[in-house]
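The data block below is protein.cif; it holds mmCIF, C-alpha atoms.
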```cif
data_upload
#
loop_
_atom_site.group_PDB
_atom_site.id
_atom_site.type_symbol
_atom_site.label_atom_id
_atom_site.label_comp_id
_atom_site.auth_asym_id
_atom_site.auth_seq_id
_atom_site.Cartn_x
_atom_site.Cartn_y
_atom_site.Cartn_z
ATOM 1 C CA MET A 1 0.000 0.000 0.000
ATOM 2 C CA THR A 2 1.374 3.431 -0.938
ATOM 3 C CA PHE A 3 1.727 6.237 1.603
ATOM 4 C CA GLU A 4 -1.170 8.036 -0.058
ATOM 5 C CA ASP A 5 -3.308 4.886 0.242
ATOM 6 C CA THR A 6 -2.479 4.713 3.956
ATOM 7 C CA ILE A 7 -3.401 8.384 4.389
ATOM 8 C CA ASN A 8 -6.685 8.003 2.511
ATOM 9 C CA PHE A 9 -7.661 4.893 4.472
ATOM 10 C CA ALA A 10 -6.990 6.572 7.834
ATOM 11 C CA TYR A 11 -8.920 9.665 6.741
ATOM 12 C CA LYS A 12 -11.857 7.594 5.499
ATOM 13 C CA GLU A 13 -12.083 5.901 8.892
ATOM 14 C CA SER A 14 -11.643 9.038 11.016
ATOM 15 C CA LYS A 15 -12.962 11.963 8.895
ATOM 16 C CA SER A 16 -10.466 14.017 10.875
ATOM 17 C CA ILE A 17 -7.177 15.801 10.158
ATOM 18 C CA LEU A 18 -6.255 16.244 13.828
ATOM 19 C CA SER A 19 -2.905 14.847 14.935
ATOM 20 C CA VAL A 20 -2.461 14.503 18.692
ATOM 21 C CA GLY A 21 1.059 15.250 19.871
ATOM 22 C CA LEU A 22 2.667 12.650 22.122
ATOM 23 C CA ASP A 23 5.346 14.986 23.428
ATOM 24 C CA PRO A 24 6.418 14.124 26.983
ATOM 25 C CA VAL A 25 7.706 17.573 27.946
ATOM 26 C CA PRO A 26 8.467 18.142 31.660
ATOM 27 C CA GLY A 27 5.331 18.199 33.796
ATOM 28 C CA ILE A 28 2.959 17.000 31.080
ATOM 29 C CA ILE A 29 2.619 13.382 32.313
ATOM 30 C CA PRO A 30 0.120 12.992 35.178
ATOM 31 C CA PRO A 31 1.545 11.681 38.456
ATOM 32 C CA LYS A 32 1.910 7.897 38.844
ATOM 33 C CA TYR A 33 2.030 7.249 35.079
ATOM 34 C CA SER A 34 5.155 5.954 33.374
ATOM 35 C CA LEU A 35 6.085 7.245 29.924
ATOM 36 C CA GLU A 36 4.847 4.024 28.345
ATOM 37 C CA GLU A 37 1.541 4.088 30.249
ATOM 38 C CA TRP A 38 1.025 7.755 29.403
ATOM 39 C CA ALA A 39 1.603 7.250 25.666
ATOM 40 C CA LYS A 40 -0.833 4.336 25.538
ATOM 41 C CA GLN A 41 -3.467 6.199 27.553
ATOM 42 C CA MET A 42 -3.115 9.241 25.313
ATOM 43 C CA ILE A 43 -3.828 7.047 22.301
ATOM 44 C CA GLU A 44 -6.715 5.197 23.932
ATOM 45 C CA SER A 45 -8.399 8.384 25.116
ATOM 46 C CA THR A 46 -8.136 10.349 21.851
ATOM 47 C CA TYR A 47 -8.053 7.881 18.942
ATOM 48 C CA ASP A 48 -11.774 8.241 18.220
ATOM 49 C CA THR A 49 -11.438 11.975 17.515
ATOM 50 C CA CYS A 50 -8.149 12.148 15.591
ATOM 51 C CA PHE A 51 -6.422 11.092 12.389
ATOM 52 C CA ALA A 52 -2.818 10.657 13.576
ATOM 53 C CA PHE A 53 -0.347 10.787 16.429
ATOM 54 C CA LYS A 54 2.974 12.632 16.303
ATOM 55 C CA ALA A 55 5.666 11.736 18.836
ATOM 56 C CA ASN A 56 8.511 14.173 19.385
ATOM 57 C CA LEU A 57 11.611 12.008 19.458
ATOM 58 C CA SER A 58 13.416 14.048 22.114
ATOM 59 C CA GLY A 59 11.000 12.838 24.780
ATOM 60 C CA TYR A 60 11.760 9.170 24.116
ATOM 61 C CA VAL A 61 15.477 8.906 23.392
ATOM 62 C CA GLY A 62 17.377 7.649 26.413
ATOM 63 C CA GLU A 63 14.221 6.664 28.267
ATOM 64 C CA SER A 64 13.972 3.101 27.020
ATOM 65 C CA LYS A 65 16.245 0.549 25.400
ATOM 66 C CA GLU A 66 15.964 0.395 21.606
ATOM 67 C CA LEU A 67 13.142 2.970 21.590
ATOM 68 C CA LYS A 68 10.757 0.380 23.039
ATOM 69 C CA VAL A 69 8.190 2.945 24.216
ATOM 70 C CA LEU A 70 8.101 4.642 20.822
ATOM 71 C CA LYS A 71 7.658 1.306 19.080
ATOM 72 C CA GLU A 72 4.844 0.290 21.425
ATOM 73 C CA ALA A 73 3.092 3.632 20.956
ATOM 74 C CA CYS A 74 3.318 3.180 17.196
ATOM 75 C CA LYS A 75 1.838 -0.303 17.481
ATOM 76 C CA ALA A 76 -1.040 0.986 19.629
ATOM 77 C CA ALA A 77 -1.782 3.753 17.121
ATOM 78 C CA HIS A 78 -1.798 1.286 14.223
ATOM 79 C CA GLU A 79 -4.148 -1.019 16.108
ATOM 80 C CA ARG A 80 -6.597 1.876 16.158
ATOM 81 C CA GLY A 81 -6.130 2.560 12.453
ATOM 82 C CA LYS A 82 -4.161 5.773 12.967
ATOM 83 C CA ILE A 83 -1.138 7.302 11.248
ATOM 84 C CA PHE A 84 2.000 7.467 13.410
ATOM 85 C CA ILE A 85 4.620 10.171 12.795
ATOM 86 C CA VAL A 86 8.026 10.379 14.493
ATOM 87 C CA ASP A 87 8.974 14.039 14.827
ATOM 88 C CA SER A 88 12.702 13.355 14.546
ATOM 89 C CA LYS A 89 13.862 16.289 12.378
ATOM 90 C CA VAL A 90 16.492 13.951 10.919
ATOM 91 C CA ASN A 91 19.521 15.748 9.494
ATOM 92 C CA ASP A 92 22.932 14.209 8.804
ATOM 93 C CA VAL A 93 25.317 12.837 6.200
ATOM 94 C CA GLY A 94 24.292 9.855 4.084
ATOM 95 C CA PHE A 95 25.213 6.795 6.122
ATOM 96 C CA THR A 96 23.888 8.353 9.350
ATOM 97 C CA ALA A 97 20.660 9.551 7.724
ATOM 98 C CA ALA A 98 20.191 6.064 6.284
ATOM 99 C CA GLU A 99 20.385 4.628 9.799
ATOM 100 C CA TYR A 100 17.775 7.122 11.004
ATOM 101 C CA ALA A 101 15.509 6.047 8.155
ATOM 102 C CA ARG A 102 15.954 2.375 9.027
ATOM 103 C CA LYS A 103 15.395 2.948 12.732
ATOM 104 C CA TYR A 104 12.215 5.028 12.565
ATOM 105 C CA LEU A 105 10.490 3.812 9.407
ATOM 106 C CA GLU A 106 11.533 0.175 9.627
ATOM 107 C CA LYS A 107 12.289 -0.686 13.243
ATOM 108 C CA VAL A 108 9.700 1.541 14.950
ATOM 109 C CA ASN A 109 7.431 1.042 11.893
ATOM 110 C CA ALA A 110 6.282 4.671 11.845
ATOM 111 C CA ASP A 111 4.323 5.769 8.812
ATOM 112 C CA ALA A 112 6.415 8.912 8.425
ATOM 113 C CA CYS A 113 8.943 11.119 10.111
ATOM 114 C CA THR A 114 10.043 14.719 9.861
ATOM 115 C CA VAL A 115 13.373 15.635 8.284
ATOM 116 C CA ASN A 116 15.479 18.773 8.252
ATOM 117 C CA ALA A 117 17.067 18.791 4.813
ATOM 118 C CA PHE A 118 19.925 21.197 5.579
ATOM 119 C CA PRO A 119 22.844 21.205 5.206
ATOM 120 C CA TRP A 120 22.983 17.639 3.809
ATOM 121 C CA SER A 121 19.843 17.896 1.709
ATOM 122 C CA ASN A 122 20.505 15.303 -0.994
ATOM 123 C CA ASP A 123 22.049 12.858 1.494
ATOM 124 C CA VAL A 124 18.963 13.039 3.706
ATOM 125 C CA ILE A 125 16.412 12.719 0.915
ATOM 126 C CA ASN A 126 18.301 9.938 -0.877
ATOM 127 C CA SER A 127 18.587 7.985 2.394
ATOM 128 C CA PHE A 128 14.809 7.946 2.751
ATOM 129 C CA LEU A 129 13.933 7.274 -0.891
ATOM 130 C CA PRO A 130 14.062 3.437 -0.598
ATOM 131 C CA TYR A 131 11.210 3.604 1.945
ATOM 132 C CA LEU A 132 8.950 6.052 0.139
ATOM 133 C CA ASP A 133 6.869 3.585 -1.829
ATOM 134 C CA GLU A 134 5.020 2.840 1.413
ATOM 135 C CA LYS A 135 6.208 5.475 3.916
ATOM 136 C CA GLY A 136 6.414 9.262 3.970
ATOM 137 C CA ILE A 137 8.583 12.120 5.146
ATOM 138 C CA PHE A 138 7.810 15.733 5.998
ATOM 139 C CA VAL A 139 10.538 18.234 5.130
ATOM 140 C CA LEU A 140 10.803 21.324 7.336
ATOM 141 C CA VAL A 141 9.804 24.369 5.284
ATOM 142 C CA TYR A 142 8.411 26.833 7.833
ATOM 143 C CA THR A 143 8.404 26.160 11.584
ATOM 144 C CA THR A 144 6.550 28.137 14.197
ATOM 145 C CA SER A 145 8.764 29.423 16.993
ATOM 146 C CA PRO A 146 9.536 33.163 16.680
ATOM 147 C CA ASN A 147 13.272 32.620 16.170
ATOM 148 C CA SER A 148 12.776 29.991 13.477
ATOM 149 C CA GLU A 149 10.200 32.113 11.668
ATOM 150 C CA MET A 150 12.784 34.892 11.447
ATOM 151 C CA LEU A 151 15.290 32.441 9.946
ATOM 152 C CA TRP A 152 12.865 31.045 7.348
ATOM 153 C CA ARG A 153 11.949 34.546 6.191
ATOM 154 C CA ASN A 154 15.311 36.335 6.397
ATOM 155 C CA ALA A 155 17.936 33.728 5.492
ATOM 156 C CA ILE A 156 18.571 34.116 1.764
ATOM 157 C CA ILE A 157 19.621 31.290 -0.582
ATOM 158 C CA GLY A 158 19.741 31.886 -4.314
ATOM 159 C CA ASN A 159 18.155 35.343 -3.971
ATOM 160 C CA MET A 160 15.094 33.991 -2.192
ATOM 161 C CA PRO A 161 14.049 33.383 1.424
ATOM 162 C CA LEU A 162 14.939 29.999 2.895
ATOM 163 C CA TYR A 163 11.298 28.832 3.120
ATOM 164 C CA ARG A 164 10.692 29.487 -0.581
ATOM 165 C CA PHE A 165 13.987 27.889 -1.632
ATOM 166 C CA THR A 166 13.166 24.758 0.378
ATOM 167 C CA ALA A 167 9.556 24.588 -0.820
ATOM 168 C CA LEU A 168 10.651 24.859 -4.452
ATOM 169 C CA LYS A 169 13.318 22.205 -3.956
ATOM 170 C CA VAL A 170 10.734 19.825 -2.511
ATOM 171 C CA ALA A 171 8.149 20.505 -5.207
ATOM 172 C CA ASN A 172 10.367 20.753 -8.282
ATOM 173 C CA GLU A 173 13.318 18.463 -7.599
ATOM 174 C CA TRP A 174 12.851 15.807 -4.949
ATOM 175 C CA VAL A 175 9.308 14.741 -5.753
ATOM 176 C CA GLN A 176 10.247 14.128 -9.382
ATOM 177 C CA LYS A 177 12.074 11.004 -8.215
ATOM 178 C CA LEU A 178 8.800 9.424 -7.101
ATOM 179 C CA LYS A 179 5.491 8.402 -8.579
ATOM 180 C CA LYS A 180 2.497 10.216 -7.164
ATOM 181 C CA GLU A 181 -1.226 10.632 -7.668
ATOM 182 C CA ASN A 182 -2.767 13.484 -5.681
ATOM 183 C CA TYR A 183 0.021 13.565 -3.103
ATOM 184 C CA SER A 184 3.719 12.820 -2.987
ATOM 185 C CA PRO A 185 5.172 10.785 -0.086
ATOM 186 C CA ILE A 186 7.492 13.768 0.407
ATOM 187 C CA GLY A 187 5.381 16.263 2.333
ATOM 188 C CA ILE A 188 6.336 19.405 4.208
ATOM 189 C CA VAL A 189 6.133 20.867 7.693
ATOM 190 C CA ALA A 190 4.670 24.367 7.453
ATOM 191 C CA ALA A 191 2.552 26.475 9.798
ATOM 192 C CA PRO A 192 2.770 30.120 8.722
ATOM 193 C CA ARG A 193 0.744 32.652 10.656
ATOM 194 C CA ASP A 194 -0.491 34.822 7.780
ATOM 195 C CA LYS A 195 -2.778 34.156 4.844
ATOM 196 C CA GLU A 196 -0.471 35.324 2.048
ATOM 197 C CA LEU A 197 2.409 33.118 3.130
ATOM 198 C CA ALA A 198 0.122 30.111 3.580
ATOM 199 C CA LEU A 199 -1.322 30.549 0.099
ATOM 200 C CA GLU A 200 2.156 30.926 -1.383
ATOM 201 C CA ILE A 201 3.424 27.744 0.245
ATOM 202 C CA ARG A 202 0.356 25.773 -0.853
ATOM 203 C CA SER A 203 0.670 27.078 -4.414
ATOM 204 C CA ILE A 204 4.310 25.950 -4.605
ATOM 205 C CA CYS A 205 3.751 22.620 -2.842
ATOM 206 C CA ASP A 206 0.637 21.585 -4.720
ATOM 207 C CA THR A 207 1.188 17.830 -4.326
ATOM 208 C CA GLN A 208 2.486 17.906 -0.756
ATOM 209 C CA ILE A 209 0.677 16.896 2.402
ATOM 210 C CA ILE A 210 1.319 19.714 4.866
ATOM 211 C CA LEU A 211 1.986 18.827 8.493
ATOM 212 C CA ALA A 212 0.949 21.961 10.398
ATOM 213 C CA PRO A 213 2.216 22.111 14.006
ATOM 214 C CA GLY A 214 1.846 24.827 16.610
ATOM 215 C CA LEU A 215 -1.949 25.213 16.677
ATOM 216 C CA GLY A 216 -2.082 24.934 20.459
ATOM 217 C CA ALA A 217 0.756 26.141 22.660
ATOM 218 C CA GLN A 218 2.476 28.142 19.898
ATOM 219 C CA ALA A 219 -0.783 29.898 18.988
ATOM 220 C CA VAL A 220 -0.695 29.429 15.225
ATOM 221 C CA PRO A 221 -4.206 30.625 14.195
ATOM 222 C CA THR A 222 -6.548 27.805 13.253
ATOM 223 C CA LYS A 223 -7.887 29.838 10.316
ATOM 224 C CA ILE A 224 -4.552 29.271 8.544
ATOM 225 C CA LEU A 225 -5.730 25.718 7.780
ATOM 226 C CA LYS A 226 -8.281 26.901 5.225
ATOM 227 C CA TYR A 227 -5.463 28.517 3.223
ATOM 228 C CA LEU A 228 -3.286 25.396 3.409
ATOM 229 C CA LYS A 229 -6.150 23.122 2.382
ATOM 230 C CA LYS A 230 -5.954 21.432 -1.020
ATOM 231 C CA LYS A 231 -9.227 21.602 -2.916
ATOM 232 C CA ASP A 232 -11.006 18.922 -4.928
ATOM 233 C CA THR A 233 -9.295 15.927 -3.304
ATOM 234 C CA PHE A 234 -10.697 13.304 -0.943
ATOM 235 C CA PHE A 235 -8.077 14.017 1.725
ATOM 236 C CA PRO A 236 -7.655 17.795 2.199
ATOM 237 C CA GLY A 237 -3.877 17.628 2.319
ATOM 238 C CA ILE A 238 -3.307 18.884 5.869
ATOM 239 C CA ILE A 239 -2.418 17.217 9.146
ATOM 240 C CA ALA A 240 -3.124 19.649 11.979
ATOM 241 C CA ASN A 241 -1.088 18.838 15.072
ATOM 242 C CA VAL A 242 -1.984 19.873 18.619
ATOM 243 C CA GLY A 243 0.247 18.655 21.430
ATOM 244 C CA ARG A 244 0.596 20.353 24.803
ATOM 245 C CA ASP A 245 -2.789 22.059 24.659
ATOM 246 C CA ILE A 246 -4.431 18.623 24.654
ATOM 247 C CA ALA A 247 -1.965 16.660 26.773
ATOM 248 C CA GLY A 248 -1.820 19.298 29.519
ATOM 249 C CA GLU A 249 -5.582 19.805 29.827
ATOM 250 C CA TRP A 250 -5.754 17.557 32.901
ATOM 251 C CA LYS A 251 -3.972 20.212 35.001
ATOM 252 C CA LYS A 252 -7.087 22.393 34.870
ATOM 253 C CA TYR A 253 -9.210 19.654 36.460
ATOM 254 C CA PRO A 254 -7.211 18.129 39.342
ATOM 255 C CA ASP A 255 -10.230 16.257 40.750
ATOM 256 C CA GLU A 256 -11.044 14.558 37.437
ATOM 257 C CA ASP A 257 -9.454 11.520 35.831
ATOM 258 C CA PRO A 258 -6.704 13.131 33.709
ATOM 259 C CA PHE A 259 -7.567 11.302 30.522
ATOM 260 C CA THR A 260 -11.230 12.286 30.723
ATOM 261 C CA SER A 261 -10.269 15.933 30.354
ATOM 262 C CA ILE A 262 -7.683 15.076 27.681
ATOM 263 C CA LYS A 263 -10.331 13.205 25.682
ATOM 264 C CA ARG A 264 -12.710 16.147 25.965
ATOM 265 C CA LYS A 265 -10.067 18.620 24.841
ATOM 266 C CA ALA A 266 -9.134 16.483 21.818
ATOM 267 C CA ARG A 267 -12.801 16.395 20.800
ATOM 268 C CA GLU A 268 -13.013 20.195 21.134
ATOM 269 C CA TRP A 269 -9.952 20.640 18.936
ATOM 270 C CA ASN A 270 -11.216 18.195 16.341
ATOM 271 C CA ASN A 271 -14.539 20.023 16.097
ATOM 272 C CA LYS A 272 -12.800 23.397 15.852
ATOM 273 C CA ILE A 273 -10.499 22.205 13.073
ATOM 274 C CA ASP A 274 -13.339 20.530 11.193
ATOM 275 C CA ARG A 275 -15.392 23.747 11.223
ATOM 276 C CA MET A 276 -12.429 25.684 9.895
ATOM 277 C CA ILE A 277 -11.810 23.498 6.826
ATOM 278 C CA SER A 278 -15.416 22.605 5.998
#
```
Go ahead and render the structure in this file as structure tokens.
Amino acid sequence: MTFEDTINFAYKESKSILSVGLDPVPGIIPPKYSLEEWAKQMIESTYDTCFAFKANLSGYVGESKELKVLKEACKAAHERGKIFIVDSKVNDVGFTAAEYARKYLEKVNADACTVNAFPWSNDVINSFLPYLDEKGIFVLVYTTSPNSEMLWRNAIIGNMPLYRFTALKVANEWVQKLKKENYSPIGIVAAPRDKELALEIRSICDTQIILAPGLGAQAVPTKILKYLKKKDTFFPGIIANVGRDIAGEWKKYPDEDPFTSIKRKAREWNNKIDRMIS
């Protein structure tokens, strides 16, 4: 099954584009839960209102031998028919990038992972190509923290801003190596805050699935999704990720089971996102 087939199947089952972030930042895990228990409970309490799960690698490395927790979380997500993304931001020379690809797409069995294509852009992309008949990657094009936004806009390569250079490289060079229908298995990470930039990125990356982070804690406006949406396709071409705003909801309700409030918050976010792209 191609990556696009996997995406379409998960979307058909869920009718959602919400991705729930499994990012174990300090203080986010309720007391008395291990990392493994927390990840599984997050999946069990939110799977019926989301399309995917995205696990930030930094919260798992060093916590368990051979990434056992990450692998188990991936398995639990797949059992519920969900996409599983490792937010690894892979970036290195060829043989090292190839090992990252093997570890996350083969050993963990994630459906996709994020990659940072600089400075070893061709090494990184070529290392992942053998997996892209069935798996996907999301190349960083425009990330959401204030400092990174400044870099994407102001760093100039080839007389153009870094975000535009990267988007064009994805759309016009790397995807040509792969067969595609509506969407390429090489997607992008992009969550701009203004309409014009969102429309520009979507116009360049017409066949890319856009992974849009930062809708919760980083306050990327939800309305940006309607400008990133791809029209006239079954799957709208966006994965909207919310992490800490869902996972930390339990802190507001100390007398309630933590995953009851997390489930409720995920449902609220799913409804909000659905209204925005409908």
Please write as a VMD selection string the full residue list that the PyMOL selection byres ((chain A and resi 50) around 7) yields on this file.
chain A and resid 14 16 to 20 46 to 49 51 to 52 270
Could you list, as a PyMOL selection string, every residue matched by the PyMOL selection byres ((chain A and resi 250) around 9) in this structure?
chain A and resi 28+30+246-249+251-254+256-262
One decimal place gives the atom CA of Ser45 of chain A-atom CA of Val61 of chain A separation as 23.9 Å
Take the PyMOL selection byres ((chain A and resi 71) around 12), run it mentally on this structure, and tell me the resulting residues as a ChimeraX atom specification.
/A:36,39-40,55,57,60-61,64-70,72-78,84-86,103-111
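Atom to atom, atom CA of Gly59 of chain A and atom CA of Pro119 of chain A stand 24.4 Å apart.
Relative to atom CA of Glu196 of chain A, atom CA of Ile224 of chain A is found at 9.8 Å.
When all atoms listed in the file are used to measure the gap to Ala266 of chain A, the shortest distance among A:Gly21, A:Gly81, A:Pro236, A:Pro192 belongs to A:Gly21.
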Which residues are near segment 206-216 of chain A? Cut-off 9 Å, all atoms listed in the file, ignore same chain within fewer than 5 positions. Put them as a PyMOL selection string.
chain A and resi 19+138+143-145+170-171+175+180-192+201+221-222+225+228-230+236-246
Could you please take those selected residues and save C-alpha atoms as a CSV table (one decimal), in the coordinates of the input?
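Writing done, so here's again.csv:
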```csv
chain,number,residue,atom,x,y,z
A,19,SER,CA,-2.9,14.8,14.9
A,138,PHE,CA,7.8,15.7,6.0
A,143,THR,CA,8.4,26.2,11.6
A,144,THR,CA,6.6,28.1,14.2
A,145,SER,CA,8.8,29.4,17.0
A,170,VAL,CA,10.7,19.8,-2.5
A,171,ALA,CA,8.1,20.5,-5.2
A,175,VAL,CA,9.3,14.7,-5.8
A,180,LYS,CA,2.5,10.2,-7.2
A,181,GLU,CA,-1.2,10.6,-7.7
A,182,ASN,CA,-2.8,13.5,-5.7
A,183,TYR,CA,0.0,13.6,-3.1
A,184,SER,CA,3.7,12.8,-3.0
A,185,PRO,CA,5.2,10.8,-0.1
A,186,ILE,CA,7.5,13.8,0.4
A,187,GLY,CA,5.4,16.3,2.3
A,188,ILE,CA,6.3,19.4,4.2
A,189,VAL,CA,6.1,20.9,7.7
A,190,ALA,CA,4.7,24.4,7.5
A,191,ALA,CA,2.6,26.5,9.8
A,192,PRO,CA,2.8,30.1,8.7
A,201,ILE,CA,3.4,27.7,0.2
A,221,PRO,CA,-4.2,30.6,14.2
A,222,THR,CA,-6.5,27.8,13.3
A,225,LEU,CA,-5.7,25.7,7.8
A,228,LEU,CA,-3.3,25.4,3.4
A,229,LYS,CA,-6.2,23.1,2.4
A,230,LYS,CA,-6.0,21.4,-1.0
A,236,PRO,CA,-7.7,17.8,2.2
A,237,GLY,CA,-3.9,17.6,2.3
A,238,ILE,CA,-3.3,18.9,5.9
A,239,ILE,CA,-2.4,17.2,9.1
A,240,ALA,CA,-3.1,19.6,12.0
A,241,ASN,CA,-1.1,18.8,15.1
A,242,VAL,CA,-2.0,19.9,18.6
A,243,GLY,CA,0.2,18.7,21.4
A,244,ARG,CA,0.6,20.4,24.8
A,245,ASP,CA,-2.8,22.1,24.7
A,246,ILE,CA,-4.4,18.6,24.7
```
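Proximity of A:Lys169, A:Lys82, A:Lys195, A:Lys54 to Cys113 of chain A, computed with only C-alpha atoms, is greatest for A:Lys54.
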Which residues are close to Ala97 of chain A, i.e. within 6 Å by all atoms listed in the file, leaving aside same-chain residues fewer than 3 positions away? Reply as number ranges by chain.
A: 92-94, 100, 124, 127
Would you compute the box with edges along x, y and z of the file around segment 134-149 of chain A, including every atom the file lists for it and 5 Å extra on each side, and give its centre and edge lengths in Å to one decimal, as JSON?
```
{"center_x": 9.1, "center_y": 18.0, "center_z": 9.2, "size_x": 18.3, "size_y": 40.3, "size_z": 25.6}
```
Just want the 7 Å neighbourhood of Thr114 of chain A, counted on only C-alpha atoms, with same-chain residues fewer than 6 positions away dropped. Output as a ChimeraX atom specification.
/A:86-90,137-139
Using only C-alpha atoms, pick whichever of A:Phe128, A:Tyr227, A:Phe9, A:Phe53 has the shortest atom-to-atom distance to Arg193 of chain A.
A:Tyr227
Quick one: residues within 10 Å of Phe234 of chain A, all atoms listed in the file, excluding same-chain residues fewer than 6 positions away - as a PyMOL selection string?
chain A and resi 8+11-12+182
Got a sec: who's within 8 Å of Phe3 of chain A, counting all atoms listed in the file, leaving out chain neighbours fewer than 4 positions off, as a list in words?
Ile7, Asp111, Leu132, Asp133, Glu134, Lys135, Gly136 and Pro185 of chain A
